[in-house]
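Peer 1: This structure is in structure tokens; I'll ask about it shortly.
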Amino acid sequence: MIKHFVLIITLSIFLSSCAKPSEHQEKGRHNSNTKSISKLQNSDKENQAPKVVIEGSDLIVFYNNKKTVYKNLVVNEMSVSTELIQTNNTGFSLLYEQNASLTKIKEKYNFIYSDTGILLIDKEIIKFGQDGLMINRLYIDNFNMLNKTYENLQSLGAELPDNFEQASSSMSIYDSKNIPFATQNFQYSTEDLFISYPDVKDGDINISNVESANNQAFNLEKIGANQQSKILLEQIIRQFPDRIVAYLNLADVLWKIQDQNQAKINYTKYLSLMKSQNKNLSKVPQRVYDRIK
């Protein structure tokens, strides 16, 4: 009887020790769970979409887990109003509308996000009044937005001419050196274009200075404005199909935006034109050969 009792007690102790994890096991399990949670949190941070909000007169930008405040960029008063236009995860726009005079004015500033802060890509200004309608686009390079106000933005392109039109609706396009290189035509009346702007359908871009256009597209790609660069380069190739370097630049942009198939097509076209026009093949970048394999 005593033997049976001892056997039962021993068995109970053994089963109890098996069911209870050791302190080492508990720590290991806790550390494993902590690591899993940490990985999820880091993943959430990495995948966090950029965000921009308005607080009073300030623009607040959240990008790469960093908050940056741009002061005095928002103006809402009797004569001027500001609208934030969220475009996509790569950028946004600010639209200012002025109604104080007989000539109505809208100014649109297009930005992209970057590791160094928001970058101003271009400025569009459209005016409508008794003289008709004018609209300009000016590309901007190396404009640091820190400590900039609405007044600083307004001064950009102030020296460009106001070419008012009564009948047609076309935009004059300038590079960052204030050199005109293209026009863009719209299928709207002058009044309808102003009222609808910026929600208007893009018209064809007619390039008059291909070198300036190509240089501007290249500059856009360098700062990460790949979609804007792509649009210009596609127009260059459509109008100047023998412009060899445009195929290389477009291929690089397409590669950056993960469109490898189209990138390979343009790398191949670039290499083909280099050969057919008897260009120096030693100038072909090695990445061209690497990426068309």
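All residue names refer to the structure tokens as shown: chains lettered A, B, ... in order, residues numbered from 1 in each chain, ligands numbered from 1 in order.
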Please return, as a ChimeraX atom specification, all residues of segment 72-224 of chain A that DSSP assigns to alpha helix (DSSP H) on the basis of the backbone.
Peer 2: /A:150-155,190-196,210-222
Peer 1: Write the residues of the preceding selection, restricted to C-alpha atoms, as a PDB file, in the first residue's frame.
Peer 2:
ATOM      1  CA  TYR A 150       4.051  81.695 -49.388  1.00  0.00           C
ATOM      2  CA  GLU A 151       5.718  84.987 -50.321  1.00  0.00           C
ATOM      3  CA  ASN A 152       8.892  83.098 -51.270  1.00  0.00           C
ATOM      4  CA  LEU A 153       6.870  80.794 -53.512  1.00  0.00           C
ATOM      5  CA  GLN A 154       5.098  83.719 -55.137  1.00  0.00           C
ATOM      6  CA  SER A 155       8.391  85.292 -56.177  1.00  0.00           C
ATOM      7  CA  THR A 190     -10.250  80.249 -71.742  1.00  0.00           C
ATOM      8  CA  GLU A 191     -12.971  80.700 -69.120  1.00  0.00           C
ATOM      9  CA  ASP A 192     -13.688  76.973 -68.786  1.00  0.00           C
ATOM     10  CA  LEU A 193     -10.001  76.220 -68.380  1.00  0.00           C
ATOM     11  CA  PHE A 194      -9.650  78.688 -65.524  1.00  0.00           C
ATOM     12  CA  ILE A 195     -12.811  77.497 -63.787  1.00  0.00           C
ATOM     13  CA  SER A 196     -11.886  73.809 -64.111  1.00  0.00           C
ATOM     14  CA  VAL A 210      14.618  69.541 -77.307  1.00  0.00           C
ATOM     15  CA  GLU A 211      17.946  70.051 -75.548  1.00  0.00           C
ATOM     16  CA  SER A 212      16.366  72.055 -72.716  1.00  0.00           C
ATOM     17  CA  ALA A 213      13.515  69.560 -72.511  1.00  0.00           C
ATOM     18  CA  ASN A 214      15.906  66.619 -72.247  1.00  0.00           C
ATOM     19  CA  ASN A 215      18.062  68.367 -69.640  1.00  0.00           C
ATOM     20  CA  GLN A 216      14.992  69.169 -67.567  1.00  0.00           C
ATOM     21  CA  ALA A 217      13.795  65.566 -67.758  1.00  0.00           C
ATOM     22  CA  PHE A 218      17.230  64.398 -66.630  1.00  0.00           C
ATOM     23  CA  ASN A 219      17.199  66.835 -63.690  1.00  0.00           C
ATOM     24  CA  LEU A 220      13.760  65.599 -62.650  1.00  0.00           C
ATOM     25  CA  GLU A 221      14.997  62.020 -62.622  1.00  0.00           C
ATOM     26  CA  LYS A 222      18.008  62.976 -60.492  1.00  0.00           C
TER      27      LYS A 222
END
Peer 1: Using only C-alpha atoms, which protein or nucleic acid residues come within 7 Å of segment 131-139 of chain A? Drop anything in the same chain fewer than 4 positions from it, and give the result as a PyMOL selection string.
Peer 2: chain A and resi 121-127+157+162-166+170-176+190
Peer 1: One decimal, Å: what's the distance from atom CA of Ala251 of chain A over to atom CA of Ile231 of chain A, could you say?
Peer 2: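 Result for atom CA of Ala251 of chain A versus atom CA of Ile231 of chain A: 12.5 Å, one decimal.
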Peer 1: Please identify all polymer residues within 10 Å of Thr68 of chain A, counting only C-alpha atoms, omitting same-chain residues fewer than 6 positions from it, and present them as a list in words.
Peer 2: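 In the requested format, the answer is Val52, Leu59, Ile60, Val61, Phe62, Gly117, Ile118 and Leu146 of chain A.
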Peer 1: Quick one: pull the distance between atom CA of Leu233 of chain A and atom CA of Asn89 of chain A, Å, one decimal.
Peer 2: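 Computing it gives 22.1 Å between the two atoms.
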Peer 1: Can you list every residue in segment 30-264 of chain A that DSSP puts in strand (DSSP E), as a ChimeraX atom specification?
Peer 2: /A:51-55,58-63,66-70,80-88,91-98,104-112,119-129,132-139,170-174,180-185,205-207
